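Enquirer: You'll find data.tsv just under this line, and it carries TSV, C-alpha atoms.
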chain	number	residue	atom	x	y	z
A	16	MET	CA	9.50	-4.42	-25.02
A	17	LEU	CA	8.25	-7.80	-23.79
A	18	PRO	CA	11.55	-8.97	-22.18
A	19	GLU	CA	12.03	-5.55	-20.53
A	20	PHE	CA	8.43	-5.56	-19.29
A	21	SER	CA	8.79	-9.10	-17.88
A	22	PHE	CA	11.98	-8.09	-16.08
A	23	ALA	CA	10.25	-4.97	-14.69
A	24	ILE	CA	7.38	-7.06	-13.32
A	25	ILE	CA	9.69	-9.59	-11.63
A	26	PHE	CA	12.00	-6.85	-10.29
A	27	SER	CA	9.04	-4.90	-8.90
A	28	TYR	CA	7.56	-7.96	-7.21
A	29	LEU	CA	10.92	-8.68	-5.54
A	30	ILE	CA	11.23	-5.04	-4.39
A	31	GLY	CA	7.72	-5.28	-2.97
A	32	SER	CA	8.68	-8.47	-1.12
A	33	ILE	CA	11.22	-6.58	1.02
A	34	SER	CA	9.39	-5.90	4.29
A	35	THR	CA	10.08	-2.40	5.61
A	36	ALA	CA	8.34	-3.18	8.91
A	37	ILE	CA	10.49	-6.23	9.65
A	38	ILE	CA	13.71	-4.41	8.71
A	39	VAL	CA	12.83	-1.31	10.76
A	40	CYS	CA	11.94	-3.39	13.82
A	41	LYS	CA	15.15	-5.39	13.53
A	42	VAL	CA	17.35	-2.28	13.15
A	43	MET	CA	15.59	-0.51	16.04
A	44	ASN	CA	15.73	-3.60	18.30
A	45	LEU	CA	11.96	-3.92	18.42
A	46	PRO	CA	9.98	-7.17	18.47
A	47	ASP	CA	9.20	-8.80	15.15
A	48	PRO	CA	5.86	-7.22	14.07
A	49	ARG	CA	4.69	-10.65	12.92
A	50	THR	CA	4.68	-11.80	16.56
A	51	GLN	CA	3.18	-8.75	18.27
A	52	GLY	CA	-0.09	-6.78	18.22
A	53	SER	CA	-2.09	-7.56	15.10
A	54	LYS	CA	0.88	-9.60	13.79
A	55	ASN	CA	0.73	-7.54	10.59
A	56	PRO	CA	4.04	-6.23	9.22
A	57	GLY	CA	2.74	-2.76	8.51
A	58	ALA	CA	3.06	0.79	9.80
A	59	THR	CA	-0.01	0.67	12.06
A	60	ASN	CA	1.24	-2.38	13.93
A	61	VAL	CA	4.76	-0.92	14.13
A	62	LEU	CA	3.18	2.16	15.71
A	63	ARG	CA	1.68	-0.07	18.41
A	64	ILE	CA	4.91	-1.84	19.25
A	65	GLY	CA	7.56	0.77	18.47
A	66	GLY	CA	6.04	4.24	18.51
A	67	LYS	CA	5.67	7.08	16.01
A	68	LYS	CA	9.25	7.24	14.73
A	69	ALA	CA	9.40	3.57	13.78
A	70	ALA	CA	5.93	3.75	12.25
A	71	ALA	CA	6.81	6.86	10.21
A	72	ILE	CA	9.94	5.20	8.81
A	73	THR	CA	7.91	2.10	7.96
A	74	LEU	CA	5.20	4.16	6.27
A	75	LEU	CA	7.78	6.09	4.25
A	76	GLY	CA	9.61	2.91	3.27
A	77	ASP	CA	6.46	1.14	2.14
A	78	GLY	CA	5.37	4.20	0.18
A	79	LEU	CA	8.75	4.59	-1.54
A	80	LYS	CA	8.72	0.87	-2.31
A	81	GLY	CA	5.48	1.38	-4.22
A	82	ALA	CA	6.61	4.57	-5.95
A	83	LEU	CA	10.18	3.91	-7.11
A	84	PRO	CA	9.62	0.97	-9.51
A	85	VAL	CA	6.71	2.85	-11.12
A	86	LEU	CA	8.75	6.04	-11.49
A	87	LEU	CA	11.61	4.03	-12.96
A	88	VAL	CA	9.54	2.39	-15.69
A	89	LEU	CA	7.83	5.68	-16.56
A	90	TYR	CA	11.28	7.27	-16.85
A	91	LEU	CA	12.34	4.42	-19.14
A	92	GLY	CA	9.41	5.12	-21.46
A	93	PHE	CA	6.81	2.56	-20.42
A	94	ASP	CA	3.22	3.73	-20.88
A	95	LEU	CA	0.64	4.24	-18.13
A	96	VAL	CA	-0.89	0.77	-18.48
A	97	ASP	CA	2.50	-0.94	-18.20
A	98	ALA	CA	3.39	1.27	-15.23
A	99	THR	CA	0.13	0.27	-13.55
A	100	TRP	CA	0.97	-3.41	-14.03
A	101	VAL	CA	4.30	-2.66	-12.35
A	102	ALA	CA	2.37	-1.01	-9.50
A	103	LEU	CA	0.34	-4.21	-9.16
A	104	ALA	CA	3.51	-6.32	-9.10
A	105	VAL	CA	5.15	-4.32	-6.31
A	106	PHE	CA	1.83	-4.30	-4.42
A	107	LEU	CA	1.56	-8.09	-4.69
A	108	GLY	CA	5.14	-8.38	-3.48
A	109	HIS	CA	4.23	-6.40	-0.38
A	110	VAL	CA	1.07	-8.40	0.35
A	111	TYR	CA	2.48	-11.81	-0.65
A	112	PRO	CA	6.28	-11.50	-0.16
A	113	VAL	CA	8.37	-14.37	-1.45
A	114	PHE	CA	11.01	-13.67	1.22
A	115	PHE	CA	8.58	-14.04	4.13
A	116	GLY	CA	6.41	-17.03	3.34
A	117	PHE	CA	3.96	-15.00	1.24
A	118	LYS	CA	2.59	-13.36	4.41
A	119	GLY	CA	2.95	-9.60	4.15
A	120	GLY	CA	1.26	-6.32	4.96
A	121	LYS	CA	-2.14	-5.00	3.95
A	122	GLY	CA	-0.82	-2.85	1.14
A	123	VAL	CA	-2.28	0.62	1.70
A	124	ALA	CA	1.00	2.56	1.97
A	125	THR	CA	2.52	0.72	-1.01
A	126	PHE	CA	-0.67	1.35	-3.01
A	127	LEU	CA	-0.52	5.04	-2.08
A	128	GLY	CA	3.13	5.30	-3.11
A	129	ALA	CA	2.31	3.74	-6.47
A	130	LEU	CA	-0.61	6.15	-6.96
A	131	PHE	CA	1.66	9.14	-6.32
A	132	ALA	CA	4.10	7.78	-8.91
A	133	LEU	CA	1.30	7.29	-11.44
A	134	GLY	CA	0.25	10.90	-10.90
A	135	LEU	CA	0.75	13.46	-8.14
A	136	THR	CA	-2.91	14.49	-8.26
A	137	ILE	CA	-4.00	10.84	-8.11
A	138	GLY	CA	-1.91	10.17	-5.00
A	139	ALA	CA	-2.93	13.45	-3.40
A	140	SER	CA	-6.61	12.62	-3.95
A	141	PHE	CA	-6.23	9.34	-2.04
A	142	ALA	CA	-4.28	11.03	0.77
A	143	LEU	CA	-6.79	13.88	1.14
A	144	ILE	CA	-9.75	11.49	1.27
A	145	TRP	CA	-7.95	9.39	3.88
A	146	LEU	CA	-7.14	12.45	6.00
A	147	PHE	CA	-10.66	13.87	5.77
A	148	VAL	CA	-12.37	10.60	6.72
A	149	ALA	CA	-9.83	9.96	9.49
A	150	LYS	CA	-10.48	13.43	10.91
A	151	VAL	CA	-14.25	12.89	10.89
A	152	LEU	CA	-14.63	9.19	11.76
A	153	LYS	CA	-11.37	8.57	13.69
A	154	ILE	CA	-10.89	5.04	12.32
A	155	SER	CA	-7.72	4.51	10.29
A	156	SER	CA	-8.76	1.31	8.54
A	157	LEU	CA	-12.15	2.76	7.54
A	158	SER	CA	-10.41	5.85	6.16
A	159	ALA	CA	-8.12	3.65	4.09
A	160	LEU	CA	-11.01	1.55	2.80
A	161	ILE	CA	-13.11	4.55	1.78
A	162	ALA	CA	-10.14	6.14	0.00
A	163	THR	CA	-9.43	2.78	-1.66
A	164	LEU	CA	-13.06	2.38	-2.74
A	165	LEU	CA	-13.01	5.79	-4.42
A	166	SER	CA	-9.54	5.42	-5.95
A	167	PRO	CA	-10.63	3.78	-9.25
A	168	VAL	CA	-13.13	6.61	-9.76
A	169	PHE	CA	-10.69	9.48	-9.36
A	170	PHE	CA	-7.95	7.50	-11.12
A	171	TYR	CA	-10.16	7.15	-14.20
A	172	PHE	CA	-11.28	10.78	-14.22
A	173	LEU	CA	-7.73	12.05	-13.73
A	174	SER	CA	-6.00	9.64	-16.15
A	175	GLY	CA	-8.76	8.90	-18.66
A	176	ASN	CA	-7.30	5.42	-19.10
A	177	LEU	CA	-9.89	2.66	-18.66
A	178	GLN	CA	-7.44	-0.24	-19.08
A	179	ALA	CA	-5.18	1.07	-16.30
A	180	THR	CA	-8.26	1.70	-14.16
A	181	TYR	CA	-9.13	-2.01	-14.28
A	182	ILE	CA	-5.75	-2.74	-12.66
A	183	ILE	CA	-6.45	-0.13	-9.98
A	184	ILE	CA	-9.80	-1.83	-9.34
A	185	LEU	CA	-8.00	-5.15	-8.85
A	186	MET	CA	-5.59	-3.63	-6.31
A	187	SER	CA	-8.52	-1.98	-4.53
A	188	LEU	CA	-10.33	-5.32	-4.24
A	189	LEU	CA	-7.19	-6.92	-2.84
A	190	ILE	CA	-6.94	-4.19	-0.18
A	191	PHE	CA	-10.48	-5.02	0.93
A	192	ILE	CA	-9.44	-8.69	1.12
A	193	THR	CA	-6.39	-7.87	3.25
A	194	HIS	CA	-8.64	-5.83	5.56
A	195	ARG	CA	-11.11	-8.66	6.20
A	196	SER	CA	-10.36	-8.74	9.93
A	197	ASN	CA	-10.68	-4.95	10.20
A	198	ILE	CA	-14.05	-5.05	8.44
A	199	LYS	CA	-15.28	-7.73	10.86
A	200	ARG	CA	-14.16	-5.64	13.84
A	201	MET	CA	-15.85	-2.54	12.43
A	202	LEU	CA	-19.11	-4.44	11.96
A	203	SER	CA	-18.92	-5.66	15.55
A	204	GLY	CA	-17.89	-2.24	16.88
A	205	ASP	CA	-14.49	-3.46	18.08
A	206	GLU	CA	-12.18	-1.63	15.67
A	207	GLY	CA	-9.80	0.74	17.42
A	208	SER	CA	-10.01	4.48	16.86
A	209	ILE	CA	-7.30	7.01	16.09
A	210	LYS	CA	-6.00	8.61	19.26
A	211	SER	CA	-5.70	12.39	19.27
Kindly transcribe the structure held in the file into structure tokens.
Expert:
Amino acid sequence: MLPEFSFAIIFSYLIGSISTAIIVCKVMNLPDPRTQGSKNPGATNVLRIGGKKAAAITLLGDGLKGALPVLLVLYLGFDLVDATWVALAVFLGHVYPVFFGFKGGKGVATFLGALFALGLTIGASFALIWLFVAKVLKISSLSALIATLLSPVFFYFLSGNLQATYIIILMSLLIFITHRSNIKRMLSGDEGSIKS
């Protein structure tokens, strides 16, 4: 299955490289998210510049982008480890998109979509942790980081697959890297809170 697996990895990376935020903003006649707010092409920045509807479409698009390639390879008979490599490929496409100068989003929604595709309970665990922390602490980026930190733990206990868990750990580390600026703002007390 080596040629098929190689094709799946390349295809998934290219799918990940399609920026939902940029497309949504263009279709809805909004400013390019790379030039406004945090300059990050992700749902949170789209929310700032375009409102809830544009942000919801972006969030859904980024999530589906993470889920569909994984669901496809699982349907085609790839095992969990191969599907997790595909999840990494689409995630890397989102964070480092070939179509946009390798400058993409932070990857949380795409990661979440991939987790749901790898297992409904796995994705739901991430989403519930995010929602709980967001409700209590009112900081979106912190909620995402805590859910990301715990994701390899619940992924391993729910899947029982250590090799696939290593790939989840790698994606989790990359999410912390993409959130460097958020972490700095949290440490300085400048990170924005979720508005009720």
Enquirer: Let me make sure I understand: among A:Gly76, A:Gly134, A:Pro46, A:Gly175, which one has the smallest atom-to-atom distance to A:Ser34 if we use all atoms listed in the file?
Expert: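 Among A:Gly76, A:Gly134, A:Pro46, A:Gly175, it is A:Gly76 that comes nearest to A:Ser34.
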Enquirer: Within 12 Å of A:Ile64, counting all atoms listed in the file, which residues qualify if same-chain residues fewer than 5 places away don't, as a ChimeraX atom specification?
Expert: /A:36-37,39-40,43-59,69-70
Enquirer: Store the residues picked out above, limited to C-alpha atoms, as a short mmCIF file (atom, residue, chain, number, x, y, z; two decimals), in the frame of the given file.
Expert:
data_model
loop_
_atom_site.label_atom_id
_atom_site.label_comp_id
_atom_site.auth_asym_id
_atom_site.auth_seq_id
_atom_site.Cartn_x
_atom_site.Cartn_y
_atom_site.Cartn_z
CA ALA A 36 8.34 -3.18 8.91
CA ILE A 37 10.49 -6.23 9.65
CA VAL A 39 12.83 -1.31 10.76
CA CYS A 40 11.94 -3.39 13.82
CA MET A 43 15.59 -0.51 16.04
CA ASN A 44 15.73 -3.60 18.30
CA LEU A 45 11.96 -3.92 18.42
CA PRO A 46 9.98 -7.17 18.47
CA ASP A 47 9.20 -8.80 15.15
CA PRO A 48 5.86 -7.22 14.07
CA ARG A 49 4.69 -10.65 12.92
CA THR A 50 4.68 -11.80 16.56
CA GLN A 51 3.18 -8.75 18.27
CA GLY A 52 -0.09 -6.78 18.22
CA SER A 53 -2.09 -7.56 15.10
CA LYS A 54 0.88 -9.60 13.79
CA ASN A 55 0.73 -7.54 10.59
CA PRO A 56 4.04 -6.23 9.22
CA GLY A 57 2.74 -2.76 8.51
CA ALA A 58 3.06 0.79 9.80
CA THR A 59 -0.01 0.67 12.06
CA ALA A 69 9.40 3.57 13.78
CA ALA A 70 5.93 3.75 12.25
#
Enquirer: Tell me which protein, DNA and RNA residues are within 10 Å of A:Ile161, counting all atoms listed in the file, leaving out same-chain ones fewer than 3 positions away, and put them as a count of residues only.
Expert: 12
Enquirer: Select, from A:Leu95, A:Leu29, A:Ala129, A:Leu75, the residue with the minimum atom-to-atom distance to A:Phe117, counting all atoms listed in the file.
Expert: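 Looking only at the distances to A:Phe117, the closest residue turns out to be A:Leu29.
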Enquirer: Restricting the calculation to all atoms listed in the file: of A:Ala124, A:Ile38, A:Tyr111, A:Gly119, which residue gets closest to A:Lys80?
Expert: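 Checking each of A:Ala124, A:Ile38, A:Tyr111, A:Gly119 against A:Lys80, counting all atoms listed in the file, the winner is A:Ala124.
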Enquirer: Identify which of the residues A:Leu86, A:Val105, A:Leu79, A:Ile183 lies closest to A:Phe26, counting all atoms listed in the file when measuring atom-to-atom distances.
Expert: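 Under the stated criterion, the closest residue is A:Val105.
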Enquirer: Using only C-alpha atoms, determine which residues lie at most 10 Å from A:Phe126, disregarding the query and same-chain residues fewer than 5 positions distant; provide the list as a ChimeraX atom specification.
Expert: /A:77-78,80-82,102-103,105-107,109,121,131-132,138,141,163,183,186-187,190
Enquirer: Using all atoms listed in the file, which residue out of A:Ala162, A:Ile192, A:Val123, A:Ile182 lies closest to A:Leu146?
Expert: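 With all atoms listed in the file as the atom set, the closest residue is A:Ala162.
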Enquirer: What does the distance from atom CA of A:Gly66 to atom CA of A:Ser32 come to in Å, to one decimal?
Expert: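 If I compute the distance from atom CA of A:Gly66 to atom CA of A:Ser32, I get 23.5 Å.
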Enquirer: Identify which of the residues A:Leu127, A:Gly116, A:Ala98, A:Met201 lies closest to A:Ile24, counting all atoms listed in the file when measuring atom-to-atom distances.
Expert: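 Under the stated criterion, the closest residue is A:Ala98.
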Enquirer: When you draw a straight line from atom CA of A:Ile198 to atom CA of A:Leu177, how long is it in Å?
Expert: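 Separation of atom CA of A:Ile198 and atom CA of A:Leu177: 28.5 Å.
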Enquirer: Please report the interatomic distance between atom CA of A:Pro18 and atom CA of A:Gln178 in Å with one decimal.
Expert: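 We find that atom CA of A:Pro18 and atom CA of A:Gln178 lie 21.1 Å from each other.
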